[in-house]
Amino acid sequence: SQTIHQWPATLVQPVGSPLSLECTVEGTSNPNLYWYRQAAGRGLQLLFYSVGIGQISSEVPQNLSASRPQDRQFILSSKKLLLSDSGFYLCAWSVLQGHSPLHFGNGTRLTVT
Amino acid sequence: GESVGLHLPTLSVQEGDNSIINCAYSNSASDYFIWYKQESGKGPQFIIDIRSNMDKRQGQRVTVLLNKTVKHLSLQIAATQPGDSAVYFCAENIGNAGKSTFGDGTTLTVKP
């Protein structure tokens, strides 16, 4: 069966520090990969998605970047965090073709202080 | 632009009753709709989906209804249980890109 792992679960970082969140998927090949951010009490906003190694699409202009160095690895990064980067970050995968739901990890709660 | 919205932010029901959670969407090009359940501190979990060529789809204790005429989606939960307490999101997709647009969610509270 497929599983998705995100780490760390929680993170507190000072303003101006770098960020690296990692996500890996097991049990599937060539997945679509996604990074979403969820503000408190709100829905999810798509930040990045990837259909293959090295292929990244950004949905919103921001202080973050994403990379996909391997087929089942997706990384969210920042060189210098802002207070507004605080939130709940969720990685997800879906099958490459056709209509299919997203499968989410359990997220990283990021607090920028 | 397109948007996905829920009619009510909170819903409280008695254990054993049926629950109905509603969702409105504005983009007639959306062709795939999904309901997710999110428990506190966790990622959303897939519940049920429906394509635009269908009006109704049933799962275990859950039914999704799609009314394309009025751009309305609903999730019905039969015999609601305390474990159903969570935030429920509807999401829409356009085409095969797999990029979902989410609503803000409805918080379902089940009273024993």
# chains A, B, ... in the order shown; residues from 1 in each chain; ligands from 1
>>> closest_atom_pairs(of="chain B", to="chain A", cutoff="10 Å", atoms="only C-alpha atoms", output="tab-separated table")
residue	atom	partner	partner_atom	distance
B:Val4	CA	A:Gly43	CA	9.7
B:Gly5	CA	A:Gly43	CA	9.6
B:Pro9	CA	A:Gly41	CA	9.7
B:Asp31	CA	A:His99	CA	8.9
B:Tyr32	CA	A:His99	CA	6.8
B:Phe33	CA	A:Pro101	CA	8.8
B:Ile34	CA	A:Pro101	CA	6.8
B:Trp35	CA	A:Pro101	CA	9.0
B:Tyr36	CA	A:Leu102	CA	9.2
B:Gln38	CA	A:Asn106	CA	9.9
B:Gly41	CA	A:Asn106	CA	7.3
B:Lys42	CA	A:Asn106	CA	4.7
B:Gly43	CA	A:Asn106	CA	4.4
B:Pro44	CA	A:Phe104	CA	6.1
B:Gln45	CA	A:Phe104	CA	6.8
B:Phe46	CA	A:Pro101	CA	6.8
B:Ile47	CA	A:Pro101	CA	9.3
B:Ile48	CA	A:Pro101	CA	8.7
B:Asp49	CA	A:Pro101	CA	7.5
B:Ile50	CA	A:His99	CA	9.4
B:Arg51	CA	A:His99	CA	8.1
B:Val87	CA	A:Gly41	CA	9.2
B:Tyr88	CA	A:Gly43	CA	9.7
B:Phe89	CA	A:Gly43	CA	7.3
B:Cys90	CA	A:Gly43	CA	9.3
B:Ala91	CA	A:Leu44	CA	9.4
B:Asn93	CA	A:His99	CA	8.3
B:Ile94	CA	A:His99	CA	9.3
B:Gly95	CA	A:His99	CA	7.8
B:Asn96	CA	A:Gly98	CA	5.4
B:Ala97	CA	A:Gly98	CA	8.2
B:Gly98	CA	A:His99	CA	6.9
B:Lys99	CA	A:Leu46	CA	7.5
B:Ser100	CA	A:Leu46	CA	7.6
B:Thr101	CA	A:Gln45	CA	7.5
B:Phe102	CA	A:Gly43	CA	5.7
B:Gly103	CA	A:Gly43	CA	5.4
B:Asp104	CA	A:Gly43	CA	4.0
B:Gly105	CA	A:Gly43	CA	6.1
B:Thr106	CA	A:Arg42	CA	9.6
B:Thr107	CA	A:Gly41	CA	9.4
>>> select_by_dssp(residues="stretch 34-72 of chain B", states="strand (DSSP E)", output="short mmCIF file (atom, residue, chain, number, x, y, z; two decimals) with N, CA, C and O atoms, in the first residue's frame")
data_model
loop_
_atom_site.label_atom_id
_atom_site.label_comp_id
_atom_site.auth_asym_id
_atom_site.auth_seq_id
_atom_site.Cartn_x
_atom_site.Cartn_y
_atom_site.Cartn_z
N ILE B 34 -14.45 16.26 -4.86
CA ILE B 34 -13.97 15.35 -3.82
C ILE B 34 -14.36 15.89 -2.45
O ILE B 34 -14.31 17.11 -2.23
N TRP B 35 -14.71 14.99 -1.56
CA TRP B 35 -14.92 15.34 -0.16
C TRP B 35 -13.78 14.74 0.68
O TRP B 35 -13.41 13.57 0.51
N TYR B 36 -13.27 15.58 1.60
CA TYR B 36 -12.24 15.16 2.52
C TYR B 36 -12.69 15.40 3.96
O TYR B 36 -13.45 16.33 4.23
N LYS B 37 -12.14 14.60 4.85
CA LYS B 37 -12.37 14.75 6.28
C LYS B 37 -11.03 15.04 6.94
O LYS B 37 -10.04 14.34 6.68
N GLN B 38 -10.99 16.07 7.77
CA GLN B 38 -9.75 16.41 8.45
C GLN B 38 -9.96 16.43 9.95
O GLN B 38 -10.73 17.25 10.47
N GLN B 45 -8.29 13.55 4.80
CA GLN B 45 -8.41 12.17 4.38
C GLN B 45 -9.54 12.06 3.36
O GLN B 45 -10.64 12.56 3.58
N PHE B 46 -9.26 11.40 2.25
CA PHE B 46 -10.25 11.22 1.21
C PHE B 46 -11.46 10.42 1.72
O PHE B 46 -11.31 9.41 2.39
N ILE B 47 -12.66 10.93 1.40
CA ILE B 47 -13.89 10.23 1.78
C ILE B 47 -14.57 9.62 0.56
O ILE B 47 -14.78 8.42 0.47
N ILE B 48 -14.90 10.50 -0.39
CA ILE B 48 -15.65 10.05 -1.56
C ILE B 48 -15.50 11.09 -2.65
O ILE B 48 -15.25 12.26 -2.37
N ASP B 49 -15.60 10.65 -3.90
CA ASP B 49 -15.49 11.58 -5.01
C ASP B 49 -16.61 11.33 -6.01
O ASP B 49 -17.32 10.32 -5.95
N ILE B 50 -16.76 12.27 -6.93
CA ILE B 50 -17.78 12.13 -7.96
C ILE B 50 -17.35 12.91 -9.20
O ILE B 50 -16.78 14.01 -9.09
N ARG B 51 -17.59 12.33 -10.36
CA ARG B 51 -17.29 13.03 -11.61
C ARG B 51 -18.52 13.76 -12.10
O ARG B 51 -19.65 13.44 -11.73
N LYS B 56 -25.00 11.20 -8.43
CA LYS B 56 -25.01 10.63 -7.09
C LYS B 56 -24.00 9.49 -7.03
O LYS B 56 -23.82 8.75 -8.00
N ARG B 57 -23.36 9.38 -5.87
CA ARG B 57 -22.45 8.27 -5.65
C ARG B 57 -22.51 7.90 -4.18
O ARG B 57 -22.50 8.78 -3.31
N GLN B 58 -22.54 6.60 -3.93
CA GLN B 58 -22.67 6.15 -2.54
C GLN B 58 -21.46 5.37 -2.11
O GLN B 58 -20.86 4.62 -2.87
N VAL B 62 -21.82 7.08 3.50
CA VAL B 62 -21.74 8.40 2.89
C VAL B 62 -22.30 8.39 1.48
O VAL B 62 -22.18 7.40 0.76
N THR B 63 -22.91 9.52 1.12
CA THR B 63 -23.45 9.71 -0.22
C THR B 63 -23.09 11.12 -0.67
O THR B 63 -23.22 12.07 0.11
N VAL B 64 -22.63 11.26 -1.89
CA VAL B 64 -22.37 12.57 -2.45
C VAL B 64 -23.37 12.81 -3.56
O VAL B 64 -23.63 11.94 -4.39
N LEU B 65 -23.96 14.01 -3.53
CA LEU B 65 -24.91 14.42 -4.56
C LEU B 65 -24.35 15.63 -5.29
O LEU B 65 -23.80 16.54 -4.66
N LEU B 66 -24.49 15.63 -6.61
CA LEU B 66 -23.99 16.72 -7.42
C LEU B 66 -25.14 17.28 -8.26
O LEU B 66 -25.79 16.54 -8.99
N ASN B 67 -25.38 18.56 -8.12
CA ASN B 67 -26.38 19.26 -8.91
C ASN B 67 -25.67 20.29 -9.77
O ASN B 67 -25.34 21.38 -9.30
N HIS B 72 -24.00 22.82 -7.10
CA HIS B 72 -24.10 22.49 -5.69
C HIS B 72 -23.69 21.04 -5.46
O HIS B 72 -24.04 20.16 -6.24
#
>>> closest_residue(among="A:Glu22, A:Thr28, A:Arg37, A:Leu81", to="A:Pro69", atoms="only C-alpha atoms")
A:Glu22
>>> atom_distance(atom1="atom CA of A:Leu11", atom2="atom CA of A:Gly54")
26.2 Å
>>> residues_around(residues="A:Gln2", least_positions_apart="6", cutoff="9 Å", atoms="only C-alpha atoms", output="PyMOL selection string")
chain A and resi 25-28
>>> write_last_selection(atoms="N, CA, C and O atoms", output="PDB file, in the first residue's frame")
ATOM      1  N   VAL A  25       7.150   9.580  -0.581  1.00  0.00           N
ATOM      2  CA  VAL A  25       6.022   8.695  -0.864  1.00  0.00           C
ATOM      3  C   VAL A  25       6.567   7.301  -1.111  1.00  0.00           C
ATOM      4  O   VAL A  25       7.599   7.140  -1.770  1.00  0.00           O
ATOM      5  N   GLU A  26       5.878   6.306  -0.594  1.00  0.00           N
ATOM      6  CA  GLU A  26       6.269   4.918  -0.798  1.00  0.00           C
ATOM      7  C   GLU A  26       5.118   4.142  -1.429  1.00  0.00           C
ATOM      8  O   GLU A  26       3.951   4.459  -1.211  1.00  0.00           O
ATOM      9  N   GLY A  27       5.465   3.138  -2.207  1.00  0.00           N
ATOM     10  CA  GLY A  27       4.452   2.232  -2.732  1.00  0.00           C
ATOM     11  C   GLY A  27       3.810   2.667  -4.031  1.00  0.00           C
ATOM     12  O   GLY A  27       2.823   2.051  -4.465  1.00  0.00           O
ATOM     13  N   THR A  28       4.334   3.703  -4.670  1.00  0.00           N
ATOM     14  CA  THR A  28       3.804   4.124  -5.955  1.00  0.00           C
ATOM     15  C   THR A  28       4.944   4.738  -6.766  1.00  0.00           C
ATOM     16  O   THR A  28       5.934   5.199  -6.208  1.00  0.00           O
TER      17      THR A  28
END
>>> atom_distance(atom1="atom CA of B:Thr80", atom2="atom CA of B:Cys23")
18.8 Å
>>> atom_distance(atom1="atom CA of A:Ser57", atom2="atom CA of A:Thr10")
25.6 Å
>>> residues_around(residues="A:Gln62", least_positions_apart="5", cutoff="10 Å", atoms="only C-alpha atoms", output="list in words")
Leu47, Ser78, Ser84 and Asp85 of chain A
>>> closest_residue(among="B:Ser26, B:Met54, B:Val70, B:Arg61", to="B:Asp84", atoms="only C-alpha atoms")
B:Arg61
>>> closest_residue(among="A:Ser58, A:Thr24, A:His5, A:Val112", to="A:Arg72", atoms="only C-alpha atoms")
A:Thr24
>>> residues_around(residues="A:Leu83", least_positions_apart="3", cutoff="10 Å", atoms="only C-alpha atoms", output="MDAnalysis selection string")
chainID A and resid 13:16 86:87 111:113
>>> residues_around(residues="B:Val110", least_positions_apart="3", cutoff="7 Å", atoms="only C-alpha atoms", output="mmCIF file with C-alpha atoms, in the first residue's frame")
data_model
loop_
_atom_site.group_PDB
_atom_site.id
_atom_site.type_symbol
_atom_site.label_atom_id
_atom_site.label_comp_id
_atom_site.auth_asym_id
_atom_site.auth_seq_id
_atom_site.Cartn_x
_atom_site.Cartn_y
_atom_site.Cartn_z
ATOM 1 C CA SER B 12 -23.956 20.109 15.165
ATOM 2 C CA VAL B 13 -25.942 16.871 15.090
ATOM 3 C CA GLN B 14 -27.090 14.242 17.517
ATOM 4 C CA GLU B 15 -25.425 10.841 17.403
ATOM 5 C CA GLN B 81 -21.144 8.753 14.963
ATOM 6 C CA PRO B 82 -18.848 10.627 17.378
ATOM 7 C CA SER B 85 -16.627 14.784 14.247
#
